[in-house]
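Taking it in order: structure first as structure tokens, then the write-up.
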Amino acid sequence: MDFVPHDNKTITEMLSVIGVSNLEELFHDIPKDLIKEKLDIPQGLSEPDLLHRMEEISKKNRIYSNSFLGAGCYYHYIPSLVNFVISRSEFSTSYTPYQAEASQGYLQAIYEYQTIISRLTQMDVANASMYDGSTALAEAAIMATLITNKRSIILLEGIHPEYVEVVKTYCWGQNINTKITQENNLLDQLNEDVAAVLFQSPNFFGDIEDIPRLIKIIKERLPRCLIIQVMTDPTCLGVLKPPGSMDIDIFVTEGQSFGINPSFGGPGLGIFTAKQKYLRKIPGRLIGKTREINGSQEGFILTLQAREQHIRREKASSNICTNQALCSLAALTYLLAMGKTGLREIATQNLQKAHFLKKEIAKVPGYKILNQKPTYNEFLIECPNIDSFISECRKHDLLPPLRMSKYYPEMQNVALVCVTEVNSRKSINSLIQSAQLASDNSVEGRSK
Amino acid sequence: MSYEFPSELMYTTTHEWVRIENSFATVGLTDYAQHQLGDVVFVELPDIGMVLEKESNAGEIESVKAVGDLIMPLSGEVMEINEQLDGSPELVNSSPYDGGWMMKIKISHPNEIDELISVEKYKELVKSEEQ
């Protein structure tokens, strides 16, 4: 459906129907002192000047040839098919599909996204998506409190620190208690007021948790406690057991790894799934398939809308009234392009390449792998001189791994390394070389 | 608009009907309430054994366009709920006083019965809400 703007004649006509003389009158409720007469923005630019200006700004970016940075945002290969599909103007300029008869294409796309996510995760229901992994996790926590009528949330250490902040903010707004705990302290925290335990696997440190064991421990103490899992790189589902096979009540993940460019850290995709029995408490949009009343044709619609805030208002699970439609379409296209074998291949390469680097770097004097549990495509290394290491990485045109001290001040010399299928053997060897040079530097430094 | 309001029942200002039988009360939504809600698609009822105060939230009735609360007309313990509503929520619309009954409670404070309103008062309430 094309967008047709109003012309002056139509505007005048509409104004006269409602008895208003001009457009400014519609805003007369806004206090005069709040209306800005002049805005401090520069003059408009012509198209060539604008392009030139954007180019100048973009030159400030340092584009590395390879990256070893993960921590919630990942470089994976994006097939050109994804860009082709999401660039179609019907998708990229489309508005929200409240008018079903005019949005069948989009509704079908979202329905297929929900289906593919449900099949991949083996969870009963997937919604049309949330903003990103962090808010999806926060919404899952809120949903758990509504289901159980309890007001406390336990967060297991290992959840992305920024996700923890988002969950705490959402819970603070709703007077829900949050408590971060280590695994050895978990049982002590499981009291009658706990609605759910949130954990990340593979976690921020790269560890893959023993999920069935964790669930068993929790359920033995508190049988009706909800189990909520989050992850940040769902390509791991190509090799790891799906959450639906492990009695996870709500499973959420950041979906950026499925065909969405890292960009500057966003936009993301909040993949949100849950068990069938919680269907009516799931936040966000749900697309359903139905049939015409007066015919036999199938069609797609927004369904179970009475969950949502525009109907249920303050009693709704969430105030969200949107989804990341274009990003979910990118994810759908990515997963269709990869297929089951493709995703498995990608996950295997992530696992194997990361494992190779892990082995090789451990051989470099002074470097130690800190993970005790199995890992997927991220792991922690302790460096003899992290400043030197980061500097050598840059010299070798490698986007350096994360300094853990950014989030954990006590981890001064620890780096979080990420290896994906796009890291070539050459780049991995480059990183090993950087580590060696940094190690030699620190040896030299000591002997001086 | 003409609604059906059986005269042997008691009513609440929140549009529930109550059938008192000794120390038990059967509760549902009135014909007016079901009409306002539209096609009911889901009914959430309390668990059996739950003890709830008068005027507290016992459950929810979801229609295609709205969600209505089921308010406890009297304090008591939930003894029975209408399992039929799980598969056939439309009974609330087609048979609000019979097949669409929602729950049976054991009355804990019989003096609260005096606070329920009569069918005449309820008819007046509906009339004023419609204006």
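Residue numbers start at 1 in each chain; chains themselves are named A, B, ... in the order of the structure tokens; ligands are numbered from 1 in the order shown.
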
Next item on the list: Enumerate the residues of range 45-112 of chain B with a DSSP assignment of strand (DSSP E or B), computed from the backbone, and present them as a PyMOL selection string.
Entry: chain B and resi 51-52+57-63+67-71+76-81+103-107

Residues from last step as file, N, CA and C atoms, as a short mmCIF file (atom, residue, chain, number, x, y, z; two decimals), in the first residue's frame:
```cif
data_model
loop_
_atom_site.label_atom_id
_atom_site.label_comp_id
_atom_site.auth_asym_id
_atom_site.auth_seq_id
_atom_site.Cartn_x
_atom_site.Cartn_y
_atom_site.Cartn_z
N VAL B 51 -8.71 -19.33 49.01
CA VAL B 51 -9.60 -18.57 49.88
C VAL B 51 -9.43 -17.10 49.55
N LEU B 52 -10.53 -16.47 49.12
CA LEU B 52 -10.44 -15.08 48.67
C LEU B 52 -11.43 -14.19 49.41
N ASN B 57 -9.89 -9.97 43.32
CA ASN B 57 -9.88 -10.48 41.96
C ASN B 57 -9.84 -12.00 41.95
N ALA B 58 -10.88 -12.64 41.45
CA ALA B 58 -10.90 -14.11 41.44
C ALA B 58 -10.40 -14.66 40.10
N GLY B 59 -10.63 -13.92 39.04
CA GLY B 59 -10.24 -14.42 37.73
C GLY B 59 -10.42 -13.37 36.66
N GLU B 60 -10.25 -13.80 35.41
CA GLU B 60 -10.37 -12.87 34.29
C GLU B 60 -11.17 -13.49 33.17
N ILE B 61 -11.95 -12.65 32.50
CA ILE B 61 -12.70 -13.12 31.33
C ILE B 61 -12.20 -12.32 30.14
N GLU B 62 -11.64 -13.03 29.20
CA GLU B 62 -11.03 -12.38 28.05
C GLU B 62 -11.93 -12.51 26.83
N SER B 63 -12.21 -11.40 26.19
CA SER B 63 -12.97 -11.46 24.94
C SER B 63 -12.04 -10.99 23.82
N VAL B 67 -10.68 -7.29 28.40
CA VAL B 67 -10.48 -8.24 29.49
C VAL B 67 -11.27 -7.74 30.69
N GLY B 68 -12.14 -8.59 31.23
CA GLY B 68 -12.93 -8.19 32.39
C GLY B 68 -12.52 -8.99 33.61
N ASP B 69 -12.65 -8.39 34.77
CA ASP B 69 -12.30 -9.09 36.01
C ASP B 69 -13.49 -9.85 36.55
N LEU B 70 -13.19 -11.00 37.18
CA LEU B 70 -14.21 -11.72 37.92
C LEU B 70 -13.97 -11.36 39.39
N ILE B 71 -14.89 -10.61 39.97
CA ILE B 71 -14.70 -10.14 41.33
C ILE B 71 -15.48 -11.04 42.30
N GLY B 76 -14.85 -16.23 50.63
CA GLY B 76 -15.05 -17.67 50.77
C GLY B 76 -13.97 -18.50 50.12
N GLU B 77 -14.19 -19.83 50.16
CA GLU B 77 -13.23 -20.78 49.59
C GLU B 77 -13.79 -21.34 48.27
N VAL B 78 -12.95 -21.36 47.27
CA VAL B 78 -13.37 -21.87 45.97
C VAL B 78 -13.48 -23.40 46.04
N MET B 79 -14.72 -23.90 45.84
CA MET B 79 -14.95 -25.35 45.97
C MET B 79 -14.97 -26.05 44.62
N GLU B 80 -15.51 -25.35 43.63
CA GLU B 80 -15.67 -25.95 42.30
C GLU B 80 -15.49 -24.87 41.25
N ILE B 81 -14.92 -25.25 40.11
CA ILE B 81 -14.91 -24.31 38.97
C ILE B 81 -15.47 -25.02 37.74
N MET B 103 -17.91 -20.33 39.14
CA MET B 103 -17.36 -21.01 40.31
C MET B 103 -18.38 -21.15 41.42
N LYS B 104 -18.11 -22.14 42.29
CA LYS B 104 -18.96 -22.35 43.48
C LYS B 104 -18.06 -22.10 44.68
N ILE B 105 -18.52 -21.21 45.56
CA ILE B 105 -17.71 -20.94 46.74
C ILE B 105 -18.45 -21.29 48.02
N LYS B 106 -17.65 -21.59 49.07
CA LYS B 106 -18.21 -21.83 50.40
C LYS B 106 -18.17 -20.49 51.12
N ILE B 107 -19.35 -19.99 51.47
CA ILE B 107 -19.43 -18.64 52.05
C ILE B 107 -18.83 -18.62 53.44
#
```

Could I get the residues of chain A with an atom no further than 7 Å from an atom of chain B, each paired with its nearest atom pair and that distance in Å to one decimal, using only C-alpha atoms, sorted by chain and residue number, as JSON lines?
```
{"residue": "A:Ala306", "atom": "CA", "partner": "B:Ala66", "partner_atom": "CA", "distance": 6.0}
{"residue": "A:Ile311", "atom": "CA", "partner": "B:Ala66", "partner_atom": "CA", "distance": 5.7}
{"residue": "A:Arg312", "atom": "CA", "partner": "B:Val67", "partner_atom": "CA", "distance": 6.1}
```

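Residues within 12 Å of Tyr98 in chain A, counting only C-alpha atoms and excluding same-chain residues fewer than 5 positions away, are Ser103, Gln104, Tyr106, Leu107, Arg285, Leu286, Ile287, Phe300, Ile301, Leu302, Thr303, Gln305, Cys321 and Thr322 of chain A.
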
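The space between CA of Val230 in chain A and CA of Arg151 in chain A spans 20.0 Å.
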
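Minimum atom-to-atom distances from B:Ser108, B:Met50, B:Ser2, B:Pro96 to His15 in chain B were compared using only C-alpha atoms, and the lowest value belongs to B:Pro96.
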
Note to self: Given only C-alpha atoms as the basis, pick out the residue of B:Met1, B:Leu45, B:Ala25, B:Ala33 nearest to Met102 in chain B.
What the structure shows: B:Leu45

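Comparing A:Cys225, A:Ala126, A:Leu34, A:Leu26 by their smallest distance to Leu279 in chain A, the closest is A:Ala126 (using only C-alpha atoms).
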
Note to self: I'd like the neighbourhood of Leu125 in chain B as an NGL selection string, where a residue qualifies if any of its atoms comes within 12 Å (using only C-alpha atoms), though same-chain residues fewer than 3 positions away should be ignored.
What the structure shows: :B and (11-15 or 32 or 117-122 or 128-131)

Same residues, C-alpha atoms, saved as a JSON list (two decimals), in the first residue's frame:
```json
[["chain", "number", "residue", "atom", "x", "y", "z"],
["B", 11, "TYR", "CA", -26.28, -9.30, 41.91],
["B", 12, "THR", "CA", -23.20, -7.12, 42.40],
["B", 13, "THR", "CA", -22.26, -3.67, 41.16],
["B", 14, "THR", "CA", -19.45, -5.36, 39.24],
["B", 15, "HIS", "CA", -21.94, -7.39, 37.21],
["B", 32, "TYR", "CA", -25.36, -7.43, 30.52],
["B", 117, "ILE", "CA", -28.06, -6.10, 45.41],
["B", 118, "SER", "CA", -31.52, -7.22, 44.38],
["B", 119, "VAL", "CA", -32.60, -7.79, 40.80],
["B", 120, "GLU", "CA", -34.57, -4.50, 40.77],
["B", 121, "LYS", "CA", -31.59, -2.50, 41.98],
["B", 122, "TYR", "CA", -29.38, -4.25, 39.44],
["B", 128, "SER", "CA", -28.03, 4.10, 34.36],
["B", 129, "GLU", "CA", -24.83, 2.63, 32.88],
["B", 130, "GLU", "CA", -26.43, 2.43, 29.47],
["B", 131, "GLN", "CA", -27.27, 6.11, 29.42]]
```

Notebook entry, point to check: Could you pull out the helix (DSSP H, G or I) residues of range 360-395 of chain A from DSSP and send them as a list in words?
Noted result: Glu360, Ile361, Ala362, Ile386, Asp387, Ser388, Phe389, Ile390, Ser391, Glu392, Cys393, Arg394 and Lys395 of chain A
